[in-house]
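File shown: input-v7.txt (compact mmCIF, C-alpha atoms and all ligand atoms).
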```
# COMPACT_ATOMS: atom_id res chain seq x y z
CA MET E 56 -152.83 76.20 -2.89
CA ILE E 57 -151.24 75.74 0.51
CA SER E 58 -153.41 73.47 2.65
CA ALA E 59 -152.87 73.85 6.38
CA GLU E 60 -155.16 70.88 6.99
CA ARG E 61 -153.03 68.63 4.80
CA ILE E 62 -149.87 69.78 6.58
CA LEU E 63 -151.34 68.80 9.95
CA GLN E 64 -152.74 65.53 8.58
CA ARG E 65 -149.31 64.60 7.30
CA CYS E 66 -147.71 65.44 10.66
CA ASP E 67 -150.30 63.09 12.21
CA ALA E 68 -149.53 60.41 9.62
CA LEU E 69 -145.77 60.55 10.34
CA ALA E 70 -146.44 60.45 14.09
CA ARG E 71 -147.96 56.99 13.62
CA HIS E 72 -144.53 55.64 12.61
CA SER E 73 -143.30 55.17 16.16
CA GLU E 74 -141.62 52.51 18.27
CA LEU E 75 -143.39 53.86 21.35
CA PRO E 76 -146.97 52.58 21.64
CA GLY E 77 -149.33 55.51 22.17
CA GLY E 78 -146.50 58.05 21.78
CA LEU E 79 -143.83 59.09 19.32
CA THR E 80 -140.24 57.86 19.28
CA ARG E 81 -138.56 57.45 15.90
CA VAL E 82 -134.80 57.11 15.83
CA PHE E 83 -132.29 57.08 12.99
CA LEU E 84 -132.22 53.98 10.75
CA SER E 85 -135.05 52.21 12.58
CA PRO E 86 -137.96 50.39 10.89
CA GLU E 87 -140.15 53.37 11.82
CA ASN E 88 -137.63 55.70 10.16
CA ARG E 89 -137.94 53.60 7.00
CA ALA E 90 -141.74 53.82 7.02
CA ALA E 91 -141.67 57.59 7.54
CA ASN E 92 -139.15 57.95 4.70
CA GLU E 93 -141.44 55.99 2.37
CA ALA E 94 -144.33 58.33 3.16
CA VAL E 95 -142.22 61.45 2.62
CA LEU E 96 -140.74 60.12 -0.64
CA GLY E 97 -144.29 59.52 -1.89
CA TRP E 98 -145.43 63.05 -1.00
CA MET E 99 -142.37 64.52 -2.68
CA ARG E 100 -143.12 62.63 -5.90
CA GLU E 101 -146.76 63.72 -5.79
CA ALA E 102 -145.48 67.30 -5.55
CA GLY E 103 -143.51 66.89 -8.76
CA MET E 104 -140.10 66.19 -7.28
CA ALA E 105 -137.53 63.55 -8.12
CA ALA E 106 -137.04 61.91 -4.71
CA ARG E 107 -134.48 59.49 -3.28
CA LEU E 108 -132.58 58.50 -0.15
CA ASP E 109 -128.95 59.59 -0.02
CA ALA E 110 -126.15 57.43 1.42
CA ILE E 111 -126.54 58.75 5.00
CA GLY E 112 -130.32 58.22 4.97
CA ASN E 113 -131.56 61.73 4.22
CA VAL E 114 -134.72 61.97 2.10
CA VAL E 115 -133.96 64.33 -0.79
CA GLY E 116 -136.52 65.72 -3.22
CA ARG E 117 -135.56 67.93 -6.14
CA TYR E 118 -137.82 70.22 -8.17
CA GLU E 119 -135.92 71.48 -11.17
CA GLY E 120 -135.84 75.14 -12.09
CA GLU E 121 -136.31 76.73 -15.51
CA ARG E 122 -133.77 74.27 -16.84
CA PRO E 123 -132.28 71.12 -15.33
CA GLY E 124 -129.19 71.27 -13.14
CA LEU E 125 -129.51 74.82 -11.77
CA PRO E 126 -128.20 75.55 -8.27
CA CYS E 127 -130.84 75.06 -5.60
CA LEU E 128 -132.53 76.81 -2.73
CA MET E 129 -132.44 74.09 -0.06
CA LEU E 130 -135.43 73.78 2.27
CA GLY E 131 -135.84 71.20 4.97
CA SER E 132 -135.70 69.96 8.52
CA HIS E 133 -135.33 66.59 10.25
CA LEU E 134 -137.43 63.42 10.35
CA ASP E 135 -136.02 61.78 13.51
CA THR E 136 -137.45 62.52 16.94
CA VAL E 137 -136.42 62.57 20.57
CA ARG E 138 -137.95 59.94 22.89
CA ASP E 139 -141.64 60.54 23.62
CA ALA E 140 -141.59 63.46 21.20
CA GLY E 141 -144.05 65.92 19.78
CA ARG E 142 -145.16 65.53 16.17
CA TYR E 143 -144.08 68.90 14.78
CA ASP E 144 -140.44 69.26 15.79
CA GLY E 145 -138.65 68.68 12.49
CA MET E 146 -141.50 67.14 10.55
CA LEU E 147 -143.40 70.42 10.19
CA GLY E 148 -140.48 71.94 8.27
CA VAL E 149 -140.18 69.04 5.84
CA ILE E 150 -143.93 68.77 5.23
CA SER E 151 -144.39 72.55 4.84
CA ALA E 152 -141.57 72.67 2.29
CA ILE E 153 -143.19 69.85 0.30
CA GLU E 154 -146.48 71.75 0.48
CA CYS E 155 -144.78 74.84 -0.99
CA VAL E 156 -143.30 72.85 -3.90
CA ASP E 157 -146.67 71.21 -4.46
CA ALA E 158 -148.27 74.66 -4.75
CA LEU E 159 -145.62 75.69 -7.28
CA ASN E 160 -146.07 72.46 -9.24
CA ALA E 161 -149.85 72.92 -9.31
CA GLN E 162 -149.24 76.23 -11.13
CA LYS E 163 -146.75 74.47 -13.44
CA LYS E 164 -144.32 77.15 -12.39
CA ARG E 165 -140.54 76.89 -12.62
CA LEU E 166 -138.17 79.26 -10.86
CA PRO E 167 -134.74 80.51 -11.97
CA PHE E 168 -133.24 78.00 -9.50
CA ALA E 169 -134.05 74.47 -8.35
CA ILE E 170 -135.67 73.66 -5.01
CA GLU E 171 -134.33 70.78 -2.95
CA VAL E 172 -136.31 69.61 0.05
CA VAL E 173 -134.30 67.54 2.52
CA GLY E 174 -135.67 65.48 5.40
CA PHE E 175 -132.55 64.92 7.47
CA GLY E 176 -132.29 61.41 8.88
CA ASP E 177 -130.56 62.28 12.14
CA GLU E 178 -130.62 65.64 13.84
CA GLU E 179 -131.50 64.79 17.42
CA GLY E 180 -128.76 62.18 17.86
CA VAL E 181 -130.91 59.93 20.08
CA ARG E 182 -129.64 56.59 18.80
CA PHE E 183 -125.90 57.19 18.41
CA GLY E 184 -125.38 60.23 20.63
CA THR E 185 -123.96 62.29 17.77
CA THR E 186 -126.23 65.03 16.43
CA MET E 187 -126.81 66.35 12.92
CA LEU E 188 -125.30 63.38 11.07
CA GLY E 189 -127.48 64.07 8.03
CA SER E 190 -126.75 67.76 7.64
CA ARG E 191 -123.05 67.34 8.46
CA ALA E 192 -122.79 64.78 5.66
CA VAL E 193 -124.47 67.19 3.23
CA ALA E 194 -122.09 69.96 4.31
CA GLY E 195 -119.15 67.60 3.86
CA THR E 196 -117.98 68.02 7.46
CA LEU E 197 -118.86 64.54 8.76
CA ASP E 198 -115.64 62.71 9.51
CA PRO E 199 -116.03 59.11 8.19
CA SER E 200 -114.62 57.82 11.50
CA VAL E 201 -117.91 58.93 13.10
CA LEU E 202 -119.53 55.98 11.27
CA GLU E 203 -117.83 53.68 13.79
CA THR E 204 -119.87 55.22 16.65
CA ARG E 205 -121.99 52.54 18.33
CA ASP E 206 -125.54 52.61 19.65
CA SER E 207 -126.45 51.09 23.02
CA SER E 208 -126.70 47.61 21.48
CA GLY E 209 -123.19 47.84 19.97
CA THR E 210 -124.24 48.43 16.35
CA THR E 211 -122.10 50.97 14.49
CA ILE E 212 -123.60 53.66 12.27
CA ALA E 213 -121.92 51.99 9.28
CA GLN E 214 -123.52 48.62 10.13
CA ALA E 215 -126.91 50.25 10.65
CA LEU E 216 -126.63 52.05 7.30
CA ARG E 217 -125.86 48.74 5.56
CA ALA E 218 -128.75 47.00 7.29
CA PHE E 219 -130.93 49.87 6.04
CA GLY E 220 -129.84 49.11 2.47
CA LEU E 221 -127.47 52.06 2.19
CA ALA E 222 -123.78 52.14 1.26
CA PRO E 223 -121.70 53.96 3.89
CA GLU E 224 -118.68 54.00 1.57
CA LYS E 225 -120.69 56.40 -0.60
CA LEU E 226 -120.75 59.00 2.18
CA PRO E 227 -118.54 61.41 0.17
CA GLU E 228 -121.25 61.53 -2.54
CA VAL E 229 -123.72 63.03 -0.06
CA ARG E 230 -121.62 66.17 0.11
CA LYS E 231 -122.96 69.19 -1.78
CA GLU E 232 -120.78 71.73 -3.52
CA LYS E 233 -121.10 75.38 -2.52
CA ARG E 234 -121.84 76.41 -6.07
CA ASP E 235 -124.88 74.09 -6.12
CA VAL E 236 -126.61 75.52 -3.02
CA LEU E 237 -127.72 79.17 -3.01
CA ALA E 238 -129.04 79.13 0.56
CA TYR E 239 -130.66 76.90 3.19
CA ALA E 240 -133.96 77.89 4.79
CA GLU E 241 -135.75 75.92 7.51
CA LEU E 242 -139.22 76.32 8.96
CA HIS E 243 -139.41 74.95 12.50
CA ILE E 244 -141.67 75.29 15.52
CA GLU E 245 -140.29 77.84 17.95
CA GLN E 246 -139.96 75.38 20.87
CA GLY E 247 -140.15 78.40 23.15
CA PRO E 248 -142.79 80.82 24.45
CA VAL E 249 -141.83 84.18 22.86
CA LEU E 250 -144.15 84.26 19.81
CA GLU E 251 -147.14 83.09 21.85
CA ALA E 252 -146.47 85.76 24.46
CA GLU E 253 -146.46 88.42 21.75
CA GLY E 254 -149.45 87.09 19.83
CA LEU E 255 -147.53 86.39 16.61
CA PRO E 256 -147.83 83.28 14.41
CA VAL E 257 -144.28 83.38 13.02
CA GLY E 258 -140.88 84.92 13.71
CA VAL E 259 -137.62 85.35 11.79
CA VAL E 260 -134.60 83.75 13.45
CA THR E 261 -131.46 85.88 13.85
CA ALA E 262 -129.01 83.18 15.01
CA ILE E 263 -128.88 79.68 16.42
CA ASN E 264 -127.20 79.64 19.81
CA GLY E 265 -123.97 77.71 20.20
CA PHE E 266 -123.60 74.79 22.60
CA SER E 267 -120.98 72.80 24.48
CA ARG E 268 -121.54 69.29 25.81
CA LEU E 269 -119.49 67.56 28.46
CA ARG E 270 -119.50 64.15 30.08
CA VAL E 271 -118.26 64.14 33.66
CA THR E 272 -117.20 60.99 35.50
CA LEU E 273 -116.68 61.13 39.27
CA SER E 274 -115.05 58.13 40.93
CA GLY E 275 -115.24 57.84 44.69
CA VAL E 276 -115.37 54.73 46.84
CA ALA E 277 -118.39 52.46 47.01
CA GLY E 278 -119.12 51.17 50.49
CA HIS E 279 -121.65 49.80 52.93
CA ALA E 280 -124.39 52.34 53.60
CA GLY E 281 -124.55 51.16 57.22
CA THR E 282 -120.97 50.81 58.31
CA VAL E 283 -118.95 53.67 56.80
CA PRO E 284 -119.16 56.84 58.94
CA MET E 285 -120.02 60.04 57.11
CA HIS E 286 -116.60 61.67 57.58
CA LEU E 287 -114.81 58.69 55.98
CA ARG E 288 -116.92 58.55 52.83
CA HIS E 289 -115.99 59.44 49.25
CA ASP E 290 -119.54 59.52 47.94
CA ALA E 291 -119.51 60.24 44.21
CA LEU E 292 -123.20 61.11 44.06
CA VAL E 293 -123.03 63.74 46.80
CA ALA E 294 -120.07 65.26 44.94
CA ALA E 295 -122.13 65.18 41.75
CA ALA E 296 -124.97 66.99 43.50
CA GLU E 297 -122.57 69.77 44.43
CA CYS E 298 -121.26 69.89 40.85
CA ILE E 299 -124.79 70.17 39.47
CA GLY E 300 -125.41 73.08 41.83
CA ALA E 301 -122.25 74.71 40.45
CA VAL E 302 -123.50 74.25 36.86
CA GLU E 303 -126.71 76.04 37.76
CA LYS E 304 -124.94 78.83 39.62
CA ASN E 305 -122.61 79.52 36.68
CA ALA E 306 -125.47 79.56 34.18
CA ARG E 307 -127.40 82.01 36.34
CA SER E 308 -124.54 84.48 36.12
CA SER E 309 -125.91 85.79 32.79
CA SER E 310 -129.46 86.01 31.44
CA GLU E 311 -128.09 84.84 28.07
CA LEU E 312 -126.72 81.55 29.42
CA VAL E 313 -128.54 78.28 29.97
CA ALA E 314 -127.01 75.06 31.29
CA THR E 315 -128.52 71.66 31.99
CA VAL E 316 -127.52 68.39 33.56
CA GLY E 317 -129.94 66.15 31.68
CA ARG E 318 -128.60 62.71 32.43
CA ILE E 319 -127.02 61.10 35.46
CA GLU E 320 -126.15 57.53 36.35
CA ALA E 321 -124.97 56.39 39.76
CA SER E 322 -123.33 53.02 40.32
CA PRO E 323 -123.65 50.52 41.70
CA GLY E 324 -127.14 51.95 42.19
CA ALA E 325 -128.45 50.14 45.25
CA ILE E 326 -130.34 51.53 48.23
CA ASN E 327 -127.78 50.22 50.71
CA VAL E 328 -124.54 51.06 48.89
CA ILE E 329 -122.63 54.36 48.89
CA PRO E 330 -122.38 55.42 45.22
CA GLY E 331 -118.82 54.80 44.03
CA LYS E 332 -119.13 56.18 40.54
CA VAL E 333 -121.33 58.79 38.86
CA VAL E 334 -121.49 59.86 35.23
CA PHE E 335 -123.44 62.95 34.22
CA THR E 336 -123.74 65.21 31.20
CA VAL E 337 -123.58 69.01 30.98
CA ASP E 338 -125.10 71.07 28.15
CA VAL E 339 -124.27 74.80 28.02
CA ARG E 340 -125.75 77.23 25.46
CA ALA E 341 -125.46 80.92 24.70
CA PRO E 342 -125.91 83.38 21.83
CA ARG E 343 -122.25 84.46 22.18
CA ASP E 344 -119.38 81.99 21.93
CA ALA E 345 -117.08 83.79 24.39
CA LEU E 346 -119.79 83.82 27.05
CA ARG E 347 -120.45 80.09 26.59
CA LEU E 348 -116.77 79.13 26.63
CA SER E 349 -116.07 81.11 29.79
CA CYS E 350 -119.04 79.43 31.49
CA VAL E 351 -117.71 76.00 30.48
CA GLU E 352 -114.28 76.90 31.90
CA ARG E 353 -115.81 77.99 35.22
CA VAL E 354 -117.88 74.80 35.41
CA LYS E 355 -114.75 72.71 34.82
CA ARG E 356 -112.81 74.58 37.51
CA ASP E 357 -115.65 74.16 39.99
CA ILE E 358 -115.86 70.41 39.31
CA GLU E 359 -112.11 70.14 39.83
CA SER E 360 -112.25 71.96 43.14
CA ILE E 361 -115.28 70.01 44.41
CA ALA E 362 -113.62 66.70 43.49
CA GLY E 363 -110.37 67.81 45.13
CA LYS E 364 -112.08 68.84 48.34
CA ARG E 365 -113.92 65.51 48.54
CA GLU E 366 -110.87 63.46 47.46
CA ILE E 367 -112.69 62.04 44.47
CA GLN E 368 -111.21 61.33 41.02
CA PHE E 369 -112.76 63.15 38.12
CA GLU E 370 -112.66 63.08 34.34
CA ILE E 371 -114.26 65.66 32.05
CA GLU E 372 -114.75 64.80 28.36
CA ASP E 373 -115.63 67.41 25.76
CA LEU E 374 -118.32 65.57 23.80
CA GLN E 375 -119.31 68.11 21.20
CA GLN E 376 -119.42 71.83 20.65
CA LEU E 377 -120.76 74.11 17.98
CA GLY E 378 -120.34 77.86 17.72
CA VAL E 379 -123.17 80.35 17.25
CA ALA E 380 -124.67 80.11 13.78
CA PRO E 381 -125.85 83.55 12.65
CA CYS E 382 -128.56 83.70 10.01
CA ALA E 383 -127.60 85.72 6.93
CA ASP E 384 -128.79 89.34 6.79
CA TRP E 385 -129.80 89.12 3.12
CA LEU E 386 -131.95 86.07 3.82
CA MET E 387 -133.49 87.58 6.96
CA ALA E 388 -134.43 90.63 4.87
CA GLN E 389 -136.17 88.39 2.31
CA LEU E 390 -137.99 86.49 5.06
CA ASP E 391 -139.03 89.80 6.68
CA ARG E 392 -140.62 90.85 3.39
CA ALA E 393 -142.49 87.55 3.10
CA VAL E 394 -143.79 87.92 6.68
CA SER E 395 -144.94 91.52 6.03
CA ALA E 396 -146.61 90.50 2.77
CA GLU E 397 -148.77 88.09 4.78
CA GLY E 398 -149.86 91.03 6.94
CA ILE E 399 -147.90 89.79 9.95
CA LYS E 400 -145.73 92.00 12.14
CA VAL E 401 -142.05 91.16 11.70
CA ARG E 402 -140.47 89.82 14.86
CA ARG E 403 -136.89 88.67 14.95
CA LEU E 404 -135.64 86.31 17.66
CA PRO E 405 -132.71 83.98 18.35
CA SER E 406 -133.02 80.20 18.54
CA GLY E 407 -132.11 78.62 21.85
CA ALA E 408 -132.35 75.13 20.34
CA GLY E 409 -129.85 73.65 17.90
CA HIS E 410 -130.86 73.02 14.28
CA ASP E 411 -129.41 71.55 11.09
CA GLY E 412 -128.56 75.05 9.88
CA MET E 413 -125.63 75.04 12.32
CA ALA E 414 -124.03 72.25 10.32
CA LEU E 415 -125.08 73.60 6.92
CA ARG E 416 -123.64 77.04 7.48
CA SER E 417 -120.25 75.90 6.18
CA LEU E 418 -122.00 75.05 2.90
CA ALA E 419 -124.37 77.98 2.41
CA ASP E 420 -125.93 80.98 4.14
CA ILE E 421 -128.85 79.97 6.35
CA ALA E 422 -132.24 81.32 7.38
CA MET E 423 -134.95 80.07 9.73
CA LEU E 424 -138.62 80.82 10.20
CA PHE E 425 -140.20 79.95 13.54
CA VAL E 426 -143.85 78.98 13.91
CA ARG E 427 -145.62 79.59 17.22
CA CYS E 428 -146.29 76.52 19.35
CA LYS E 429 -148.66 76.20 22.29
CA GLY E 430 -147.13 77.08 25.63
CA GLY E 431 -143.66 77.01 24.07
CA ILE E 432 -143.72 73.26 24.73
CA SER E 433 -141.54 70.92 22.67
CA HIS E 434 -139.66 67.63 23.06
CA ASN E 435 -142.89 66.55 24.70
CA PRO E 436 -146.03 64.78 23.44
CA ALA E 437 -148.01 67.91 24.39
CA GLU E 438 -146.32 69.82 21.55
CA SER E 439 -149.09 71.57 19.61
CA ILE E 440 -149.69 74.12 16.86
CA THR E 441 -152.86 75.49 15.26
CA ALA E 442 -153.90 74.99 11.64
CA GLU E 443 -153.93 78.79 11.26
CA ASP E 444 -150.29 79.05 12.32
CA ALA E 445 -149.24 76.08 10.18
CA GLY E 446 -150.91 77.82 7.23
CA ALA E 447 -149.30 81.16 8.00
CA GLY E 448 -145.87 79.56 8.28
CA ALA E 449 -146.19 77.67 5.01
CA ARG E 450 -147.53 80.73 3.16
CA VAL E 451 -144.59 82.83 4.37
CA LEU E 452 -142.20 80.08 3.28
CA PHE E 453 -143.93 79.92 -0.11
CA ARG E 454 -143.60 83.68 -0.66
CA PHE E 455 -139.97 83.56 0.41
CA MET E 456 -139.29 80.70 -2.00
CA GLU E 457 -141.17 82.22 -4.93
CA LYS E 458 -139.55 85.65 -4.57
CA PHE E 459 -136.14 84.33 -3.55
CA HIS E 460 -133.24 85.91 -5.32
CA GLY E 461 -130.12 83.98 -4.77
CA LEU E 462 -127.35 86.50 -4.61
CA SER E 463 -126.38 88.27 -1.45
CA ALA E 464 -124.91 91.17 -3.38
ZN ZN U 501 -136.01 70.04 15.62
```
Please re-express this file's structure in structure tokens.
Amino acid sequence: MISAERILQRCDALARHSELPGGLTRVFLSPENRAANEAVLGWMREAGMAARLDAIGNVVGRYEGERPGLPCLMLGSHLDTVRDAGRYDGMLGVISAIECVDALNAQKKRLPFAIEVVGFGDEEGVRFGTTMLGSRAVAGTLDPSVLETRDSSGTTIAQALRAFGLAPEKLPEVRKEKRDVLAYAELHIEQGPVLEAEGLPVGVVTAINGFSRLRVTLSGVAGHAGTVPMHLRHDALVAAAECIGAVEKNARSSSELVATVGRIEASPGAINVIPGKVVFTVDVRAPRDALRLSCVERVKRDIESIAGKREIQFEIEDLQQLGVAPCADWLMAQLDRAVSAEGIKVRRLPSGAGHDGMALRSLADIAMLFVRCKGGISHNPAESITAEDAGAGARVLFRFMEKFHGLSA
């Protein structure tokens, strides 16, 4: 039996593993990450799975099919959080998947395929600034040189893995073979307001929007805030303000585009000094790659022209980009049937947020089920779902899993 109450209790239990007193922050390879992993490993074993940590720090539980060693349907989500996070983003998908396997195990039922539940160790990228380390390692697309990336204290990913008791040289063993994974399906809170507005507990995701991330450095001339006349200044922060306006203007050119400057640092950062240097980030997303790439090009041209006009040096780094990740038609059709069987109207919608499926798509076809969240709020401690919706989501996932047939043909 699926227990919505237990799902929510377990989300609460994981939320207590936090470095932020009174809130939730749990980053990759932290002591809190270790404690959360221990809890999840225990729940997986209780649900009849063989459970372990892989070499990149993903929690992996396996429930064998009718005979050992069959290819698997992979279910999962991530166990790391953003800073001052909500307690459902990521965790709900892992805990719901465990709940589904537990229900299967309670019936002593085996399927014609294995189920693997994965709690990815790093999706958000808070600690090292590189997202989806866990799922990229499983897909075999994580370049080992990424392990030399440092956190703000100078620790590399490889060092942090070792300190966690893992062996970074075993990274290649994390990789799954295509023949061993039939599909990947993830349950996740919507993180947006569409399902709530339409009065629906769940929705079937059509595609995960692509994104581009830039880091822009503007170098002007620092100077005395009292003595340098306005017309002789090369103020990097005023130039940045104009650039941020240009980012917004370009994103507003299409209803499908969104763009955000989420981080900015001005140096030297004193009340009486003209800012000489500014570094800011740009994040652009869209459901169509061509649209996103043309927006990024326009943003870059605008930054160049603003810097030129103000006689300021600029540098634009392409940090990361990922193309649109469409969900597979044959999996969406199976999810649709599971939603209908629960008596819920089928609603399909795209995902504006990035998810591990983007990285896993090179390994297997992907599907996602969204669960309604209150006010569409996420990446925020006010993130909230109801027990009814948690139950509906898990029951749909259970039906999908139980009836899953693994061939697209
Ligand atoms: Zn998430």
Go through range 397-428 of chain E and flag each residue having an atom no more than 9 Å from range 251-258 of chain E; for those, report the closest pair of atoms plus their distance in Å to one decimal, using all atoms listed in the file, ordered by chain and rising number, as a tab-separated table.
```
residue	atom	partner	partner_atom	distance
E:Ile399	CA	E:Leu255	CA	7.5
E:Lys400	CA	E:Leu255	CA	7.4
E:Val401	CA	E:Gly258	CA	6.7
E:Arg402	CA	E:Gly258	CA	5.0
E:Arg403	CA	E:Gly258	CA	5.6
E:Leu404	CA	E:Gly258	CA	6.7
E:Met423	CA	E:Gly258	CA	8.6
E:Leu424	CA	E:Gly258	CA	5.9
E:Phe425	CA	E:Gly258	CA	5.0
E:Val426	CA	E:Val257	CA	4.5
E:Arg427	CA	E:Pro256	CA	5.1
E:Cys428	CA	E:Glu251	CA	7.1
```
Can you check which parts of chain E lie within 10 Å of ligand ZN 501 (chain U)? Per residue, the shortest pair of atoms and distance in Å to one decimal, counting all atoms listed in the file, sorted by chain and number, as a tab-separated table.
```
residue	atom	partner	partner_atom	distance
E:Ser132	CA	U:ZN501	ZN	7.1
E:His133	CA	U:ZN501	ZN	6.4
E:Leu134	CA	U:ZN501	ZN	8.6
E:Asp135	CA	U:ZN501	ZN	8.5
E:Thr136	CA	U:ZN501	ZN	7.8
E:Val137	CA	U:ZN501	ZN	9.0
E:Gly141	CA	U:ZN501	ZN	9.9
E:Tyr143	CA	U:ZN501	ZN	8.2
E:Asp144	CA	U:ZN501	ZN	4.5
E:Gly145	CA	U:ZN501	ZN	4.3
E:Met146	CA	U:ZN501	ZN	8.0
E:Leu147	CA	U:ZN501	ZN	9.2
E:Gly148	CA	U:ZN501	ZN	8.8
E:Glu178	CA	U:ZN501	ZN	7.2
E:Glu179	CA	U:ZN501	ZN	7.2
E:Leu242	CA	U:ZN501	ZN	9.7
E:His243	CA	U:ZN501	ZN	6.7
E:Ile244	CA	U:ZN501	ZN	7.7
E:Glu245	CA	U:ZN501	ZN	9.2
E:Gln246	CA	U:ZN501	ZN	8.5
E:Ala408	CA	U:ZN501	ZN	7.8
E:Gly409	CA	U:ZN501	ZN	7.5
E:His410	CA	U:ZN501	ZN	6.1
E:Asp411	CA	U:ZN501	ZN	8.1
E:Ser433	CA	U:ZN501	ZN	9.0
E:His434	CA	U:ZN501	ZN	8.6
```
With only C-alpha atoms as the counted atoms, please give the residues lying no more than 12 Å from range 66-70 of chain E, apart from itself and same-chain residues fewer than 5 positions off, as a ChimeraX atom specification. /E:59-61,75-81,87-95,98,134-136,139-151,436,438-440,442,445
Neighbourhood query: residues within 12 Å of (-152.5, 75.8, -0.4), file coordinates, counting only C-alpha atoms; return as a list of chain:residue names.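 Protein and nucleic acid residues near the point are E:Met56, E:Ile57, E:Ser58, E:Ala59, E:Glu60, E:Arg61, E:Ile62, E:Ser151, E:Ala152, E:Ile153, E:Glu154, E:Cys155, E:Val156, E:Asp157, E:Ala158, E:Leu159, E:Asn160, E:Ala161, E:Gln162, E:Ala445, E:Gly446, E:Ala447, E:Gly448, E:Ala449, E:Arg450, E:Val451, E:Leu452, E:Phe453, E:Arg454.
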Which polymer residues, protein or nucleic acid, are no farther than 8 Å from (-115.8, 62.7, 38.8), counting only C-alpha atoms, as an MDAnalysis selection string? chainID E and resid 271:275 291 294:295 332:334 358 362 367:371
Generate a file of the selected residues that holds C-alpha atoms, formatted as a short mmCIF file (atom, residue, chain, number, x, y, z; two decimals), keeping the file's coordinate frame.
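Final output, out_9.cif:
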```cif
data_model
loop_
_atom_site.label_atom_id
_atom_site.label_comp_id
_atom_site.auth_asym_id
_atom_site.auth_seq_id
_atom_site.Cartn_x
_atom_site.Cartn_y
_atom_site.Cartn_z
CA VAL E 271 -118.26 64.14 33.66
CA THR E 272 -117.20 60.99 35.50
CA LEU E 273 -116.68 61.13 39.27
CA SER E 274 -115.05 58.13 40.93
CA GLY E 275 -115.24 57.84 44.69
CA ALA E 291 -119.51 60.24 44.21
CA ALA E 294 -120.07 65.26 44.94
CA ALA E 295 -122.13 65.18 41.75
CA LYS E 332 -119.13 56.18 40.54
CA VAL E 333 -121.33 58.79 38.86
CA VAL E 334 -121.49 59.86 35.23
CA ILE E 358 -115.86 70.41 39.31
CA ALA E 362 -113.62 66.70 43.49
CA ILE E 367 -112.69 62.04 44.47
CA GLN E 368 -111.21 61.33 41.02
CA PHE E 369 -112.76 63.15 38.12
CA GLU E 370 -112.66 63.08 34.34
CA ILE E 371 -114.26 65.66 32.05
#
```
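Interatomic distance, CA of Arg182 in chain E against CA of Pro86 in chain E: 13.0 Å.
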Just the residues within 12 Å of Ile299 in chain E, please, counting only C-alpha atoms, with nothing from its chain fewer than 4 positions along; format it as a CSV table (one decimal) with C-alpha atoms, in the coordinates of the input.
```csv
chain,number,residue,atom,x,y,z
E,271,VAL,CA,-118.3,64.1,33.7
E,292,LEU,CA,-123.2,61.1,44.1
E,293,VAL,CA,-123.0,63.7,46.8
E,294,ALA,CA,-120.1,65.3,44.9
E,295,ALA,CA,-122.1,65.2,41.8
E,303,GLU,CA,-126.7,76.0,37.8
E,304,LYS,CA,-124.9,78.8,39.6
E,305,ASN,CA,-122.6,79.5,36.7
E,306,ALA,CA,-125.5,79.6,34.2
E,314,ALA,CA,-127.0,75.1,31.3
E,315,THR,CA,-128.5,71.7,32.0
E,316,VAL,CA,-127.5,68.4,33.6
E,317,GLY,CA,-129.9,66.2,31.7
E,318,ARG,CA,-128.6,62.7,32.4
E,319,ILE,CA,-127.0,61.1,35.5
E,333,VAL,CA,-121.3,58.8,38.9
E,334,VAL,CA,-121.5,59.9,35.2
E,335,PHE,CA,-123.4,63.0,34.2
E,336,THR,CA,-123.7,65.2,31.2
E,337,VAL,CA,-123.6,69.0,31.0
E,338,ASP,CA,-125.1,71.1,28.2
E,354,VAL,CA,-117.9,74.8,35.4
E,355,LYS,CA,-114.8,72.7,34.8
E,357,ASP,CA,-115.6,74.2,40.0
E,358,ILE,CA,-115.9,70.4,39.3
E,361,ILE,CA,-115.3,70.0,44.4
```
Where atoms are missing, can you supply N, CA and C atoms for range 451-458 of chain E and output the lot as a PDB file, in the frame of the given file?
```pdb
ATOM      1  N   VAL E 451    -145.789  81.983   4.318  1.00  0.00           N
ATOM      2  CA  VAL E 451    -144.590  82.830   4.370  1.00  0.00           C
ATOM      3  C   VAL E 451    -143.433  82.129   3.654  1.00  0.00           C
ATOM      4  N   LEU E 452    -143.282  80.829   3.927  1.00  0.00           N
ATOM      5  CA  LEU E 452    -142.200  80.080   3.280  1.00  0.00           C
ATOM      6  C   LEU E 452    -142.397  80.060   1.760  1.00  0.00           C
ATOM      7  N   PHE E 453    -143.658  79.927   1.320  1.00  0.00           N
ATOM      8  CA  PHE E 453    -143.930  79.920  -0.110  1.00  0.00           C
ATOM      9  C   PHE E 453    -143.553  81.256  -0.751  1.00  0.00           C
ATOM     10  N   ARG E 454    -143.948  82.347  -0.122  1.00  0.00           N
ATOM     11  CA  ARG E 454    -143.600  83.680  -0.660  1.00  0.00           C
ATOM     12  C   ARG E 454    -142.090  83.866  -0.721  1.00  0.00           C
ATOM     13  N   PHE E 455    -141.434  83.455   0.359  1.00  0.00           N
ATOM     14  CA  PHE E 455    -139.970  83.560   0.410  1.00  0.00           C
ATOM     15  C   PHE E 455    -139.354  82.788  -0.757  1.00  0.00           C
ATOM     16  N   MET E 456    -139.834  81.568  -0.947  1.00  0.00           N
ATOM     17  CA  MET E 456    -139.290  80.700  -2.000  1.00  0.00           C
ATOM     18  C   MET E 456    -139.556  81.285  -3.386  1.00  0.00           C
ATOM     19  N   GLU E 457    -140.781  81.744  -3.599  1.00  0.00           N
ATOM     20  CA  GLU E 457    -141.170  82.220  -4.930  1.00  0.00           C
ATOM     21  C   GLU E 457    -140.432  83.498  -5.309  1.00  0.00           C
ATOM     22  N   LYS E 458    -140.196  84.355  -4.295  1.00  0.00           N
ATOM     23  CA  LYS E 458    -139.550  85.650  -4.570  1.00  0.00           C
ATOM     24  C   LYS E 458    -138.046  85.594  -4.338  1.00  0.00           C
TER      25      LYS E 458
END
```
